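Trainee: Dropping the structure in here first, questions after.
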Amino acid sequence: MLIITRKPGEKIMLGDDVTVEVIEVSGSSVRIGIAAPRSLPVYREEIWAAVKEENAAAAASADAVPPPAEPGAGGE
Amino acid sequence: MVLTSSRFGSIDVPDEAIVEFPSGLVGLGGSRYALLAREEAQSFLWLQSLDDPDLALPVVNPWEFFPEYELELTQQDADRLGAARPDHTSLYVTVRRSDDDATEGFSANLRAPIVIVGSIGYQLINQADDAPVRAPLAA
């Protein structure tokens, strides 16, 4: 992992399009500003991990749910 | 187009059912899915991946189970959706089987709904305070 020391107001570039700025440091909290293209979703990591887990669990639950009645569809 | 699903076999899917997710679904591969519905009365729908025959996620309309459900978006996500016309926008949440054997049934992820505008879909993070990742579906 790359580790960089920055002061409030200083920024980091990820490639040409993503800017990460340290806005404020207060006690054990850091406020960060992120400017990224619309096409690049930005998540808090713990939420991203939780959603990833739920998506995987949904995919794994597929056999428990009644299938759609399309031509060629059928349960086990 | 004809879609191949390991669960449903070969299905002829109308173009209107195909949804492109520019950013995919969180943690899952592929960007193109087909939204498969049963008859109107059916609560569960499916997002079947067009890229992976084994990948399909059951989804429901959240308001059918959670009439009070509210979706709050960040400004950035609202901008991504653009000036979405309500008549072209639909909303779904993923459903999973509860992994706790003691509680039979399913839960829905109200934190990360799937918004479909026309033929483009996004899985977005709901900023509303009370939006659990696992909300039990009342049977």
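Naming scheme: A, B, ... for chains in displayed order of the structure tokens; residues 1 onward per chain; ligands 1 onward as shown.
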For chain B, which residues have at least one atom within 6 Å of chain A, if we go by only C-alpha atoms? Write them as a compact mmCIF listing (two decimals) with C-alpha atoms, in the first residue's frame, please.
Mentor:
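Result written to result-v5.txt:
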# COMPACT_ATOMS: atom_id res chain seq x y z
CA PHE B 8 -34.18 -21.07 -16.78
CA GLY B 9 -32.66 -22.56 -19.89
CA SER B 10 -32.87 -20.57 -23.11
CA ILE B 11 -35.24 -17.65 -22.92
CA VAL B 26 -21.54 -4.05 -6.47
CA GLY B 27 -19.02 -6.87 -6.30
CA ALA B 37 -40.89 -11.01 -14.71
CA ARG B 38 -43.61 -13.46 -14.09
CA ALA B 56 -29.20 -14.36 -11.34
CA LEU B 57 -30.50 -12.21 -8.50
CA VAL B 95 -33.65 -10.38 -2.00
CA ARG B 96 -31.77 -13.13 -0.24
CA ARG B 97 -32.62 -16.11 1.86
Trainee: Can you tell me, as a ChimeraX atom specification, what residues are no more than 6 Å from Pro8 (chain A) when counting only C-alpha atoms, ignoring any on the same chain fewer than 5 positions away?
Mentor: /A:22-24
Trainee: How many Å separate CA of Leu71 (chain B) from CA of Ser29 (chain A)?
Mentor: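 Going from CA of Leu71 (chain B) over to CA of Ser29 (chain A) covers 27.4 Å.
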Trainee: Tell me, as a PDB file with all heavy atoms, in the first residue's frame, which residues lie within 6 Å of Ile116 (chain B), counting only C-alpha atoms; anything in the same chain fewer than 4 positions away does not count.
Mentor:
ATOM      1  N   THR B  89     -38.878   5.204 -14.859  1.00  0.00           N
ATOM      2  CA  THR B  89     -37.982   4.800 -13.784  1.00  0.00           C
ATOM      3  C   THR B  89     -38.645   3.719 -12.939  1.00  0.00           C
ATOM      4  O   THR B  89     -39.821   3.829 -12.602  1.00  0.00           O
ATOM      5  CB  THR B  89     -37.659   6.023 -12.886  1.00  0.00           C
ATOM      6  OG1 THR B  89     -37.096   7.040 -13.704  1.00  0.00           O
ATOM      7  CG2 THR B  89     -36.674   5.647 -11.810  1.00  0.00           C
ATOM      8  N   SER B  90     -37.891   2.685 -12.638  1.00  0.00           N
ATOM      9  CA  SER B  90     -38.423   1.679 -11.725  1.00  0.00           C
ATOM     10  C   SER B  90     -37.366   1.352 -10.686  1.00  0.00           C
ATOM     11  O   SER B  90     -36.183   1.598 -10.877  1.00  0.00           O
ATOM     12  CB  SER B  90     -38.871   0.422 -12.478  1.00  0.00           C
ATOM     13  OG  SER B  90     -37.864   0.001 -13.366  1.00  0.00           O
ATOM     14  N   ILE B 120     -31.152   1.718 -18.562  1.00  0.00           N
ATOM     15  CA  ILE B 120     -29.894   1.861 -17.831  1.00  0.00           C
ATOM     16  C   ILE B 120     -30.166   1.668 -16.344  1.00  0.00           C
ATOM     17  O   ILE B 120     -31.115   2.237 -15.805  1.00  0.00           O
ATOM     18  CB  ILE B 120     -29.278   3.265 -18.046  1.00  0.00           C
ATOM     19  CG1 ILE B 120     -29.144   3.589 -19.530  1.00  0.00           C
ATOM     20  CG2 ILE B 120     -27.933   3.380 -17.352  1.00  0.00           C
ATOM     21  CD1 ILE B 120     -28.116   2.759 -20.261  1.00  0.00           C
ATOM     22  N   GLY B 121     -29.328   0.866 -15.699  1.00  0.00           N
ATOM     23  CA  GLY B 121     -29.537   0.576 -14.293  1.00  0.00           C
ATOM     24  C   GLY B 121     -28.353   0.976 -13.429  1.00  0.00           C
ATOM     25  O   GLY B 121     -27.206   0.988 -13.880  1.00  0.00           O
TER      26      GLY B 121
END
Trainee: I need the residues of chain A that end up classed as strand (DSSP E or B) by DSSP on the backbone, written out as an NGL selection string.
Mentor: :A and (11-14 or 18-26 or 29-35)
Trainee: What is the distance, in Å and to one decimal place, between CA of Ala138 (chain B) and CA of Phe65 (chain B)?
Mentor: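 Atom-to-atom, CA of Ala138 (chain B) and CA of Phe65 (chain B) are spaced 7.0 Å apart.
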Trainee: Any idea what the distance is between CA of Gly24 (chain B) and CA of Thr19 (chain A)?
Mentor: 22.5 Å
Trainee: If you run DSSP over the backbone, which residues in chain A end up helix (DSSP H, G or I)? Put them as an MDAnalysis selection string.
Mentor: chainID A and resid 45:60 62:64
Trainee: Just N, CA, C and O atoms for this one: save the residues we selected as a compact mmCIF listing (two decimals), in the first residue's frame.
Mentor:
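For reference, selection_5.txt as written:
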# COMPACT_ATOMS: atom_id res chain seq x y z
N GLU A 45 -16.17 2.14 2.54
CA GLU A 45 -15.77 0.75 2.35
C GLU A 45 -16.71 -0.23 3.04
O GLU A 45 -17.05 -1.29 2.50
N GLU A 46 -17.14 0.10 4.28
CA GLU A 46 -17.95 -0.87 5.02
C GLU A 46 -19.32 -1.06 4.35
O GLU A 46 -19.89 -2.16 4.38
N ILE A 47 -19.82 -0.01 3.73
CA ILE A 47 -21.10 -0.14 3.02
C ILE A 47 -20.90 -0.94 1.74
O ILE A 47 -21.68 -1.84 1.42
N TRP A 48 -19.84 -0.64 1.02
CA TRP A 48 -19.51 -1.40 -0.18
C TRP A 48 -19.41 -2.90 0.13
O TRP A 48 -19.97 -3.74 -0.57
N ALA A 49 -18.70 -3.23 1.24
CA ALA A 49 -18.51 -4.63 1.60
C ALA A 49 -19.85 -5.29 1.96
O ALA A 49 -20.12 -6.43 1.57
N ALA A 50 -20.70 -4.54 2.68
CA ALA A 50 -21.99 -5.10 3.08
C ALA A 50 -22.87 -5.34 1.85
O ALA A 50 -23.53 -6.38 1.74
N VAL A 51 -22.86 -4.41 0.91
CA VAL A 51 -23.70 -4.55 -0.29
C VAL A 51 -23.17 -5.69 -1.17
O VAL A 51 -23.92 -6.48 -1.71
N LYS A 52 -21.85 -5.77 -1.26
CA LYS A 52 -21.25 -6.86 -2.03
C LYS A 52 -21.68 -8.20 -1.46
O LYS A 52 -22.05 -9.12 -2.19
N GLU A 53 -21.67 -8.29 -0.12
CA GLU A 53 -22.06 -9.54 0.52
C GLU A 53 -23.54 -9.86 0.26
O GLU A 53 -23.90 -11.01 -0.02
N GLU A 54 -24.39 -8.83 0.33
CA GLU A 54 -25.82 -9.07 0.08
C GLU A 54 -26.07 -9.46 -1.38
O GLU A 54 -26.92 -10.31 -1.66
N ASN A 55 -25.35 -8.84 -2.31
CA ASN A 55 -25.51 -9.22 -3.72
C ASN A 55 -25.12 -10.68 -3.94
O ASN A 55 -25.81 -11.42 -4.64
N ALA A 56 -24.00 -11.06 -3.33
CA ALA A 56 -23.56 -12.45 -3.48
C ALA A 56 -24.57 -13.40 -2.84
O ALA A 56 -24.88 -14.46 -3.39
N ALA A 57 -25.11 -12.98 -1.69
CA ALA A 57 -26.09 -13.82 -1.01
C ALA A 57 -27.38 -13.92 -1.82
O ALA A 57 -28.02 -14.97 -1.87
N ALA A 58 -27.76 -12.82 -2.47
CA ALA A 58 -28.95 -12.85 -3.32
C ALA A 58 -28.74 -13.82 -4.47
O ALA A 58 -29.61 -14.65 -4.79
N ALA A 59 -27.57 -13.74 -5.09
CA ALA A 59 -27.28 -14.66 -6.20
C ALA A 59 -27.29 -16.11 -5.72
O ALA A 59 -27.75 -17.01 -6.42
N ALA A 60 -26.79 -16.32 -4.48
CA ALA A 60 -26.75 -17.68 -3.95
C ALA A 60 -28.13 -18.16 -3.51
O ALA A 60 -28.35 -19.35 -3.32
N ALA A 62 -30.78 -17.75 -5.26
CA ALA A 62 -31.62 -17.79 -6.46
C ALA A 62 -32.48 -19.05 -6.53
O ALA A 62 -33.63 -18.99 -6.97
N ASP A 63 -31.95 -20.17 -6.05
CA ASP A 63 -32.71 -21.41 -6.18
C ASP A 63 -33.87 -21.50 -5.20
O ASP A 63 -34.72 -22.37 -5.33
N ALA A 64 -33.88 -20.60 -4.24
CA ALA A 64 -34.93 -20.66 -3.22
C ALA A 64 -36.17 -19.87 -3.63
O ALA A 64 -37.19 -19.93 -2.97
Trainee: Find the residues around Pro58 (chain B) up to 6 Å (only C-alpha atoms counted), leave out those fewer than 6 positions away in its own chain, and share them as a PyMOL selection string.
Mentor: chain B and resi 45-46+94-95
Trainee: Considering only C-alpha atoms, return as a ChimeraX atom specification whatever protein or nucleic-acid residues lie within 9 Å of Arg111 (chain B), sequence-local ones (same chain, fewer than 6 positions apart) excluded.
Mentor: /A:47,51 /B:71,93,124-128,130-134
